[in-house]
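Only one structure is covered here, and it is reproduced in the block below.
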Amino acid sequence: MTAYKTMSKEELKREYEAVSSEFSALCEKDLKLNMARGKPSKAQLDMVSDIFNVLTKPEDFISDGVDARNYGNLEGLSAARRYWADMLNVRAEQTFVGGSASLQLMYDLISKAYTHGLLHSPRPWCREEKIKWLCPVPGYDRHFKVTESFGFEMISVPMTDEGPDMDLVEEMVKDPAVKGMWNVPKYSNPDGVIYSDATIRRIAALKCAAPDFLVMWDNAYCVHEFFGEFVPFLNILEECEKAGNADMVFEFASTSKITLPGAGMSVMASSEANISYLSKLIGVQIISYDKVNQLRHVKYLKDKEHTLELMKRHAAIMGPKFQTVLDTLDEKIAPLEIARWKRPKGGYFVSFYAMPGTARRTLELCKQAGVTMTGAGATYPYGKDPEDSNIRIAPSLPPVSELEQALEVFCVCLRMATLEKLMA
Ligand code: PMP
């Protein structure tokens, strides 16, 4: 295999003809494969489905003297708050255990900032002339959709191997219109970056012009390694407290990729003052979340140590899939020198960078050949990747045999799109 950049016009043309006929042959196979979203596979869901056996008798529903089947405990069942305190290394009083999705807690927080304001807001955000928001890129499309839906102006901040470019962030927060920032501090979606301790401390110590600046700390992948041992993380709440910014941060997590996405247990953690402020507002919309589900989770997952053991079993299913992606790319794409990609040790994605100007076309071709991937540009605010380069590969859902086929298609489509660009 030869690097495309060393090929003559004639050689590129011949290669294009060869790749095009491979593409046509793949199209004829009528494939229907999906690498679009970070969903656990059926094998993973089957593995945890005994969670439904932990609550059977009436007495099983009583926890610390509280009947989980009844109204009450808006901030969450005490046992669930203790569970998350253990998982995130925070105090139980700093937690608020919600429903089945952390995304809803995130949306709700921003929505309440918009309608009512946060603890230190001079006025609700809807009364602000303009709101700007920092978005490390590439990032999670659903985060960007939330801030887009409230009409905030999203400002891209490039990611480095240590997290967002902090020189830029420190400069940006001097603008009082900049009200917040998205973060996925561990195994960031999609790059798989773990923020360094130095980055975390700089975020915690930010000197923001906005008195109600909001750090959204989405620790969605806090225990989600698929290669190697659990990587400990700094307690952002404590770091913010130490820096005099105790009320600036809200941390989020859920069991979506520990137990069942859409039927898991979510949490939000922040200063006691913030939790008390938010609880009053949330109490208007709901009497209490699903504590039966919370109790089921606590009985099933027990504590952090036990959860980490379960994550090892998830890793045994996930690891080979990520290995397949990396091996295939190393074998089929690396020698062509037309792309680069990350080598994450956890999370749910492989972040792939095609030659600028080819991502959209690559995915269009994949679609024609029956392989659905996350849309090009999705990892950038407003769905616009200025380089048209980043592609998020989500290999968790298909079994390895299907994944191999999907990757074959992806590699052919990438080569074809790259050749089209080179020959243009
Ligand atoms: N945050 C990130 C970074 C994610 O990747 C995902 C799931 N893809 C979520 C949040 C969604 O979490 P939940 O199911 O708890 O809403």
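In the structure tokens, each chain is lettered A, B, ... as it comes, each chain's residues begin at 1, and ligands are numbered from 1 in order of appearance.
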
>> Taking only segment 194-253 of chain A into account, list the residues labelled alpha helix (DSSP H) by DSSP (computed from the backbone), as an NGL selection string.
In response: :A and (197-204 or 236-242)

>> Just want the 7 Å neighbourhood of segment 343-353 of chain A, counted on only C-alpha atoms, with same-chain residues fewer than 3 positions away dropped. Output as an MDAnalysis selection string.
In response: chainID A and resid 38 187 189:192 221 224:227 339:340 389:396

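A distance search around ligand 1 (6 Å at most, only C-alpha atoms and all ligand atoms) returns the following protein and nucleic acid residues: Gly38, Ala101, Ser102, Leu103, Tyr140, Val184, Asn189, Asp218, Ala220, Ser254, Ser256, Pro261, Gly262 and Ser266 of chain A.
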
Store the residues picked out above in a file with C-alpha atoms, as a compact mmCIF listing (two decimals), in the first residue's frame.
# COMPACT_ATOMS: atom_id res chain seq x y z
CA GLY A 38 -23.02 5.20 21.61
CA ALA A 101 -31.40 10.61 32.12
CA SER A 102 -28.64 13.00 33.11
CA LEU A 103 -29.33 14.94 29.91
CA TYR A 140 -21.17 16.00 22.33
CA VAL A 184 -16.91 15.92 29.47
CA ASN A 189 -17.18 12.52 23.65
CA ASP A 218 -20.72 15.92 32.48
CA ALA A 220 -20.86 10.53 31.77
CA SER A 254 -25.76 8.37 35.15
CA SER A 256 -26.98 4.77 31.25
CA PRO A 261 -29.78 3.62 28.84
CA GLY A 262 -33.17 5.23 29.13
CA SER A 266 -29.00 9.91 36.93

>> For a quick check of understanding, using only C-alpha atoms, which of A:Met311, A:Cys222, A:Val137, A:Ile338 has the smallest distance to Ala3 of chain A?
In response: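 Nearest to Ala3 of chain A: A:Ile338.
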
>> Taking only segment 230-385 of chain A into account, list the residues labelled strand (DSSP E or B) by DSSP (computed from the backbone), as a ChimeraX atom specification.
In response: /A:249-254,266-269,339-341,346,350-354,371-373

Next, write the just-selected residues to a file, as a CSV table (one decimal), in the first residue's frame, keeping C-alpha atoms as the atom set.
chain,number,residue,atom,x,y,z
A,249,VAL,CA,-20.0,23.8,39.0
A,250,PHE,CA,-22.6,21.1,38.5
A,251,GLU,CA,-21.4,17.6,37.9
A,252,PHE,CA,-23.6,15.0,36.2
A,253,ALA,CA,-23.4,11.3,35.7
A,254,SER,CA,-25.8,8.4,35.1
A,266,SER,CA,-29.0,9.9,36.9
A,267,VAL,CA,-27.4,12.3,39.4
A,268,MET,CA,-26.4,15.9,39.6
A,269,ALA,CA,-23.9,17.0,42.2
A,339,ALA,CA,-6.2,10.4,8.2
A,340,ARG,CA,-5.5,10.3,11.9
A,341,TRP,CA,-7.5,9.0,14.9
A,346,GLY,CA,-12.6,4.3,27.7
A,350,VAL,CA,-13.2,6.6,18.4
A,351,SER,CA,-12.7,10.1,17.1
A,352,PHE,CA,-11.5,10.0,13.5
A,353,TYR,CA,-10.0,12.9,11.5
A,354,ALA,CA,-10.3,12.5,7.7
A,371,VAL,CA,-23.8,1.9,7.0
A,372,THR,CA,-25.2,4.6,9.2
A,373,MET,CA,-22.8,6.8,11.1
